[in-house]
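Chemist: Just dropping this structure here.
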Amino acid sequence: MNRFTALPTLPNAIRHQHTLLKTTDLTQAPDFTKYSPVKPIKEGIAPYIVETMKAFPTDSRYINQQHYYQNRNILMNDYAKRTPHPVSLMQLAQYYDDSSTLTKQKIINSGIFVKEELVIRIASKINLLQSLPFNVVNNFHFLQVYESYYNIFERFRKFPAIKTMEDNLKFSEFIRKILQDFNSLNLPHLIMGALECTIFDLYPRDKMDELLSNLLRSRISRRLIVEEHLSVTSNYVTGKKENTLVLGDIFQECNALQYLTHASKECEQFIRNMYYPTIPLPELKIEGCTDLNFYFLPTHLKYLLGEILRNAYEATIREYIRKGSDKPAPIVVTIIENPDTYIFRISDQAGGLIHSDADLWSFGKSKERARESLNNFHKLPGLHSISIYDDIADSTTCTSSSMRAVEPYMNTSLAHTTQWNINKGHYKLEQPLIELLQRPFRYKLGVGLAMCKVYAEYWNGDLRVHSMPGYGVDAVLTLGNLMKSTAKKQLDKV
């Protein structure tokens with residue numbers, strides 16, 4: 001038999017399988033749908049792909065066909081040309097007179113200043129975002145920040161003039177809600193946007209770090225101005241007629257030992273949750289000026305000490321497991337008080353740093369570390385896909401504004417805090433920093449030290465890390481003495 005000879009007829013020959021096809025003649029087109037479906041793929045990501053291909057986001061109130069003209073005539077030709085006012089802590093607490101007495105007119109003047117100043121400051125940051133390359137600001141996360149900033153700009157700009165105490169109370173409730181709504185997610189969106197832009201080489205790493213540092217510092221300043229006004233309004237409403245502290249009541253006398261102990265207890269609980277309840281824990285030794293009391297912003301001090309101790313505890317436990325030691329090495333905190341600064345040195349024996357110094361202080365990171373950090377952000381349930389448009393859409397179905405703010409983020413590490421009561425003089429403002437700090441230990445975001453450095457520098461301090469490979473790390477946190485700089489006027493820094 002040669003290659004031109006017909007094959008023998010067999011009952012189960014492969015050639016006979018062609019009889020299963022429904023094609024009756026050679027002129028009929030074969031059915032390829034089983035190889036390439038012609039129906040739309042109804043995957044969950046499909047709506048997002050369609051949305052990104054549009055010229056304008058569907059539900060956006062600010063980025064639409066009219067946005068260019070409104071932005072040019074209102075923002076660029078007016079507010080963006082105004083210069084933000086440098087202020088001091090004393091001015092925020094006393095509002096441009098030398099008296100600590102709280103009067104009705106002083107409270108009203110405070111509200112007028114906050115309303116006008118916040119519009120100017122947020123306009124300058126919108127202008128900064130507009131100067132970025134389109135593929136950066138069009139990133140999903142940066143777009144949320146842009147929408148949020150424009151949302152704040154429009155709401156402040158259109159708020160009625162403050163002329164009476166009743167107007168100021170309405171304004172106080174208005175800005176309190178802004179601290180609690182979608183805008184509180186700007187912090188994680190900024191970081192995730194920086195990580196994604198690094199992965200795709202959309203923006204130079206050094207410029208990205210500069211951009212985020214700029215936006216974070218201005219964010220601290222805006223929140224400080226708002227919280228000082230809420231504090232002074234709350235004091236006046238409850239009958240307090242004088243500020244006893246030149247810094248204002250949002251600053252409190254903090255006991256260093258108490259804050260360190262509290263941070264260590266939280267770290268210990270995180271370690272138990274991450275491994276098992278009876279795992280041996282490192283001893284925390286506190287040395288030096290253990291009776292130190294100083295005025296500071298409690299939320300920021302809690303975040304700074306908590307984030308640094310968190311790194312020390314995690315590294316110490318991993319080194320303990322790696323070595324198979326009898327018990328973990330101790331963590332030593334040394335407190336030093338100087339006339340102008342307070343120093344906290346946190347020392348561990350966890351083998352030193354495994355990452356480069358450039359990655360340590362960068363929000364962009366190397367591509368490999370950026371992917372790791374972004375992956376952990378995405379493990380925070382739902383956070384990576386939460387959009388301001390979702391918040392707007394939810395407003396049509398939810399009856400309670402507080403529930404609209406809380407529901408999309410419930411059961412995540414960024415769930416909202418809603419306890420605030422201006423009538424009773426007690427306020428508990430939104431604390432995105434603390435909520436980031438309280439994430440599970442397994443979610444290693446990789447930006448903690450970079451964040452801490454920005455916050456430390458804002459308060460006239462610094463954060464440095466000294467690593468000895470094979471032995472351990474000394475993290476040295478320096479904080480400025482705020483009582484020495486109450487009258488110093490600065491923009492986006494104390």
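Chain lettering (A, B, ...) mirrors the order of the structure tokens, residue numbering begins at 1 for each chain separately, and ligand numbering begins at 1 in order of display.
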Which residues come within 10 Å of Pro160 in chain A, counting only C-alpha atoms, excluding same-chain residues fewer than 3 positions away, as an NGL selection string?

Modeler: :A and (115 or 155-157 or 163 or 167 or 170-171)

Chemist: Asn139 in chain A: which residues within 12 Å, counting only C-alpha atoms, same-chain residues fewer than 6 positions away excluded, as a list in words?

Modeler: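 Everything that qualifies: Thr52, Leu129, Leu132, Pro133, Val145, Tyr146, Glu147, His189, Leu190, Ile191, Met192, Gly193, Ala194, Leu195, Glu196, Cys197, Thr198, Phe200, Leu202 and Tyr203 of chain A.
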
Chemist: Export N, CA and C atoms of the chosen residues as a PDB file, in the first residue's frame?

Modeler:
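The new file result.pdb reads:
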ATOM      1  N   THR A  52     -14.047  52.691  30.768  1.00  0.00           N
ATOM      2  CA  THR A  52     -12.764  53.351  30.530  1.00  0.00           C
ATOM      3  C   THR A  52     -12.583  53.753  29.072  1.00  0.00           C
ATOM      4  N   LEU A 129      -2.826  68.698  39.703  1.00  0.00           N
ATOM      5  CA  LEU A 129      -3.208  67.443  39.063  1.00  0.00           C
ATOM      6  C   LEU A 129      -3.425  67.625  37.566  1.00  0.00           C
ATOM      7  N   LEU A 132      -0.353  67.223  35.331  1.00  0.00           N
ATOM      8  CA  LEU A 132       0.251  65.901  35.170  1.00  0.00           C
ATOM      9  C   LEU A 132      -0.028  65.352  33.776  1.00  0.00           C
ATOM     10  N   PRO A 133       0.804  64.420  33.297  1.00  0.00           N
ATOM     11  CA  PRO A 133       0.487  63.758  32.020  1.00  0.00           C
ATOM     12  C   PRO A 133      -0.888  63.109  32.083  1.00  0.00           C
ATOM     13  N   VAL A 145      -9.248  60.804  43.068  1.00  0.00           N
ATOM     14  CA  VAL A 145      -8.759  61.939  43.841  1.00  0.00           C
ATOM     15  C   VAL A 145      -9.138  63.246  43.152  1.00  0.00           C
ATOM     16  N   TYR A 146      -8.970  63.294  41.826  1.00  0.00           N
ATOM     17  CA  TYR A 146      -9.321  64.499  41.074  1.00  0.00           C
ATOM     18  C   TYR A 146     -10.805  64.824  41.233  1.00  0.00           C
ATOM     19  N   GLU A 147     -11.650  63.803  41.063  1.00  0.00           N
ATOM     20  CA  GLU A 147     -13.091  64.004  41.222  1.00  0.00           C
ATOM     21  C   GLU A 147     -13.407  64.481  42.639  1.00  0.00           C
ATOM     22  N   HIS A 189      -6.284  55.996  47.817  1.00  0.00           N
ATOM     23  CA  HIS A 189      -6.316  56.133  46.358  1.00  0.00           C
ATOM     24  C   HIS A 189      -5.029  56.786  45.837  1.00  0.00           C
ATOM     25  N   LEU A 190      -4.507  57.762  46.553  1.00  0.00           N
ATOM     26  CA  LEU A 190      -3.239  58.387  46.142  1.00  0.00           C
ATOM     27  C   LEU A 190      -2.118  57.355  46.091  1.00  0.00           C
ATOM     28  N   ILE A 191      -2.031  56.526  47.117  1.00  0.00           N
ATOM     29  CA  ILE A 191      -0.951  55.538  47.195  1.00  0.00           C
ATOM     30  C   ILE A 191      -1.108  54.484  46.111  1.00  0.00           C
ATOM     31  N   MET A 192      -2.330  53.977  45.922  1.00  0.00           N
ATOM     32  CA  MET A 192      -2.543  52.956  44.891  1.00  0.00           C
ATOM     33  C   MET A 192      -2.291  53.518  43.497  1.00  0.00           C
ATOM     34  N   GLY A 193      -2.657  54.774  43.278  1.00  0.00           N
ATOM     35  CA  GLY A 193      -2.367  55.391  41.985  1.00  0.00           C
ATOM     36  C   GLY A 193      -0.888  55.484  41.724  1.00  0.00           C
ATOM     37  N   ALA A 194      -0.107  55.845  42.750  1.00  0.00           N
ATOM     38  CA  ALA A 194       1.346  55.923  42.599  1.00  0.00           C
ATOM     39  C   ALA A 194       1.940  54.559  42.286  1.00  0.00           C
ATOM     40  N   LEU A 195       1.443  53.521  42.945  1.00  0.00           N
ATOM     41  CA  LEU A 195       1.960  52.163  42.705  1.00  0.00           C
ATOM     42  C   LEU A 195       1.664  51.710  41.277  1.00  0.00           C
ATOM     43  N   GLU A 196       0.444  51.964  40.805  1.00  0.00           N
ATOM     44  CA  GLU A 196       0.084  51.537  39.448  1.00  0.00           C
ATOM     45  C   GLU A 196       0.893  52.303  38.400  1.00  0.00           C
ATOM     46  N   CYS A 197       1.100  53.594  38.618  1.00  0.00           N
ATOM     47  CA  CYS A 197       1.883  54.385  37.661  1.00  0.00           C
ATOM     48  C   CYS A 197       3.333  53.919  37.621  1.00  0.00           C
ATOM     49  N   THR A 198       3.842  53.460  38.753  1.00  0.00           N
ATOM     50  CA  THR A 198       5.207  52.915  38.783  1.00  0.00           C
ATOM     51  C   THR A 198       5.293  51.627  37.990  1.00  0.00           C
ATOM     52  N   PHE A 200       3.580  50.651  35.477  1.00  0.00           N
ATOM     53  CA  PHE A 200       3.431  50.853  34.037  1.00  0.00           C
ATOM     54  C   PHE A 200       4.347  51.946  33.484  1.00  0.00           C
ATOM     55  N   LEU A 202       4.576  55.144  33.993  1.00  0.00           N
ATOM     56  CA  LEU A 202       3.828  56.304  33.526  1.00  0.00           C
ATOM     57  C   LEU A 202       4.411  57.628  34.015  1.00  0.00           C
ATOM     58  N   TYR A 203       5.230  57.575  35.061  1.00  0.00           N
ATOM     59  CA  TYR A 203       5.742  58.811  35.648  1.00  0.00           C
ATOM     60  C   TYR A 203       7.050  58.492  36.357  1.00  0.00           C
TER      61      TYR A 203
END

Chemist: Hey, what's within 6 Å of Val473 in chain A if we count only C-alpha atoms and toss same-chain stuff fewer than 2 positions away? As a list of chain:residue names, please?

Modeler: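 Once the nearby chain positions are removed, what remains is A:Ser347, A:Asp348, A:Gly352, A:His466, A:Ser467.
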
Chemist: Would you mind telling me which residue in A:Thr316, A:Asn235, A:Gln349, A:Asn255 lies nearest to Cys267 in chain A when using only C-alpha atoms?

Modeler: A:Thr316

Chemist: Report as JSON lines the residues of range 282-372 of chain A within 10 Å of range 446-461 of chain A, each with its shortest atom pair and distance in Å (one decimal), using only C-alpha atoms, ordered by chain and increasing residue number.

Modeler:
{"residue": "A:Phe296", "atom": "CA", "partner": "A:Trp459", "partner_atom": "CA", "distance": 9.2}
{"residue": "A:Leu297", "atom": "CA", "partner": "A:Trp459", "partner_atom": "CA", "distance": 9.7}
{"residue": "A:His300", "atom": "CA", "partner": "A:Tyr455", "partner_atom": "CA", "distance": 7.6}
{"residue": "A:Leu301", "atom": "CA", "partner": "A:Ala456", "partner_atom": "CA", "distance": 9.4}
{"residue": "A:Tyr303", "atom": "CA", "partner": "A:Cys452", "partner_atom": "CA", "distance": 8.0}
{"residue": "A:Leu304", "atom": "CA", "partner": "A:Cys452", "partner_atom": "CA", "distance": 5.8}
{"residue": "A:Leu305", "atom": "CA", "partner": "A:Cys452", "partner_atom": "CA", "distance": 9.0}
{"residue": "A:Gly306", "atom": "CA", "partner": "A:Gly448", "partner_atom": "CA", "distance": 10.0}
{"residue": "A:Glu307", "atom": "CA", "partner": "A:Gly448", "partner_atom": "CA", "distance": 6.3}
{"residue": "A:Ile308", "atom": "CA", "partner": "A:Leu449", "partner_atom": "CA", "distance": 7.3}
{"residue": "A:Arg310", "atom": "CA", "partner": "A:Gly448", "partner_atom": "CA", "distance": 9.5}
{"residue": "A:Asn311", "atom": "CA", "partner": "A:Gly448", "partner_atom": "CA", "distance": 8.7}
{"residue": "A:Asp340", "atom": "CA", "partner": "A:Asn460", "partner_atom": "CA", "distance": 9.5}
{"residue": "A:Thr341", "atom": "CA", "partner": "A:Gly461", "partner_atom": "CA", "distance": 7.5}
{"residue": "A:Tyr342", "atom": "CA", "partner": "A:Gly461", "partner_atom": "CA", "distance": 8.6}
{"residue": "A:Ile343", "atom": "CA", "partner": "A:Gly461", "partner_atom": "CA", "distance": 9.0}
{"residue": "A:Asp359", "atom": "CA", "partner": "A:Gly446", "partner_atom": "CA", "distance": 8.7}
{"residue": "A:Leu360", "atom": "CA", "partner": "A:Leu449", "partner_atom": "CA", "distance": 6.7}
{"residue": "A:Trp361", "atom": "CA", "partner": "A:Ala450", "partner_atom": "CA", "distance": 4.5}
{"residue": "A:Ser362", "atom": "CA", "partner": "A:Ala450", "partner_atom": "CA", "distance": 6.0}
{"residue": "A:Phe363", "atom": "CA", "partner": "A:Val447", "partner_atom": "CA", "distance": 6.0}
{"residue": "A:Gly364", "atom": "CA", "partner": "A:Val447", "partner_atom": "CA", "distance": 8.9}
{"residue": "A:Lys365", "atom": "CA", "partner": "A:Gly446", "partner_atom": "CA", "distance": 8.5}
{"residue": "A:Arg369", "atom": "CA", "partner": "A:Gly446", "partner_atom": "CA", "distance": 7.7}
{"residue": "A:Ala370", "atom": "CA", "partner": "A:Gly446", "partner_atom": "CA", "distance": 8.1}
{"residue": "A:Glu372", "atom": "CA", "partner": "A:Gly446", "partner_atom": "CA", "distance": 8.2}

Chemist: In Å, rounded to a single decimal, give me how far CA of Leu482 in chain A is from CA of Val332 in chain A.

Modeler: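 Answer for the CA of Val332 in chain A to CA of Leu482 in chain A separation: 25.8 Å.
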
Chemist: Could you tell me how far CA of Val476 in chain A sits from CA of Arg345 in chain A, in Å to one decimal place?

Modeler: 4.4 Å

Chemist: Would you pick out the contacts of range 215-224 of chain A at 7 Å or less, using only C-alpha atoms, so that residues sharing its chain but fewer than 6 positions from it are not included, and give the list as a PDB file with N, CA and C atoms, in the first residue's frame?

Modeler:
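Written out: part.pdb:
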ATOM      1  N   LEU A 118     -10.006  77.191  52.190  1.00  0.00           N
ATOM      2  CA  LEU A 118     -10.069  75.826  51.666  1.00  0.00           C
ATOM      3  C   LEU A 118     -10.337  75.807  50.168  1.00  0.00           C
ATOM      4  N   TYR A 458       6.496  67.137  58.444  1.00  0.00           N
ATOM      5  CA  TYR A 458       5.480  68.179  58.578  1.00  0.00           C
ATOM      6  C   TYR A 458       5.552  68.818  59.964  1.00  0.00           C
ATOM      7  N   ASP A 492       1.611  74.364  54.386  1.00  0.00           N
ATOM      8  CA  ASP A 492       1.768  72.918  54.296  1.00  0.00           C
ATOM      9  C   ASP A 492       2.916  72.404  55.152  1.00  0.00           C
ATOM     10  N   LYS A 493       3.167  73.068  56.262  1.00  0.00           N
ATOM     11  CA  LYS A 493       4.136  72.605  57.249  1.00  0.00           C
ATOM     12  C   LYS A 493       3.944  73.437  58.496  1.00  0.00           C
TER      13      LYS A 493
END

Chemist: Could you write out, as an MDAnalysis selection string, all the residues of range 114-203 of chain A that DSSP marks as helix (DSSP H, G or I)?

Modeler: chainID A and resid 114:130 134:137 140:158 165:180 182:199

Chemist: In terms of the shortest atom-to-atom distance over only C-alpha atoms, which of A:Gly239, A:Gly470, A:Tyr320, A:His67 is closest to Ile279 in chain A?

Modeler: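 Smallest distance to Ile279 in chain A is found for A:Tyr320.
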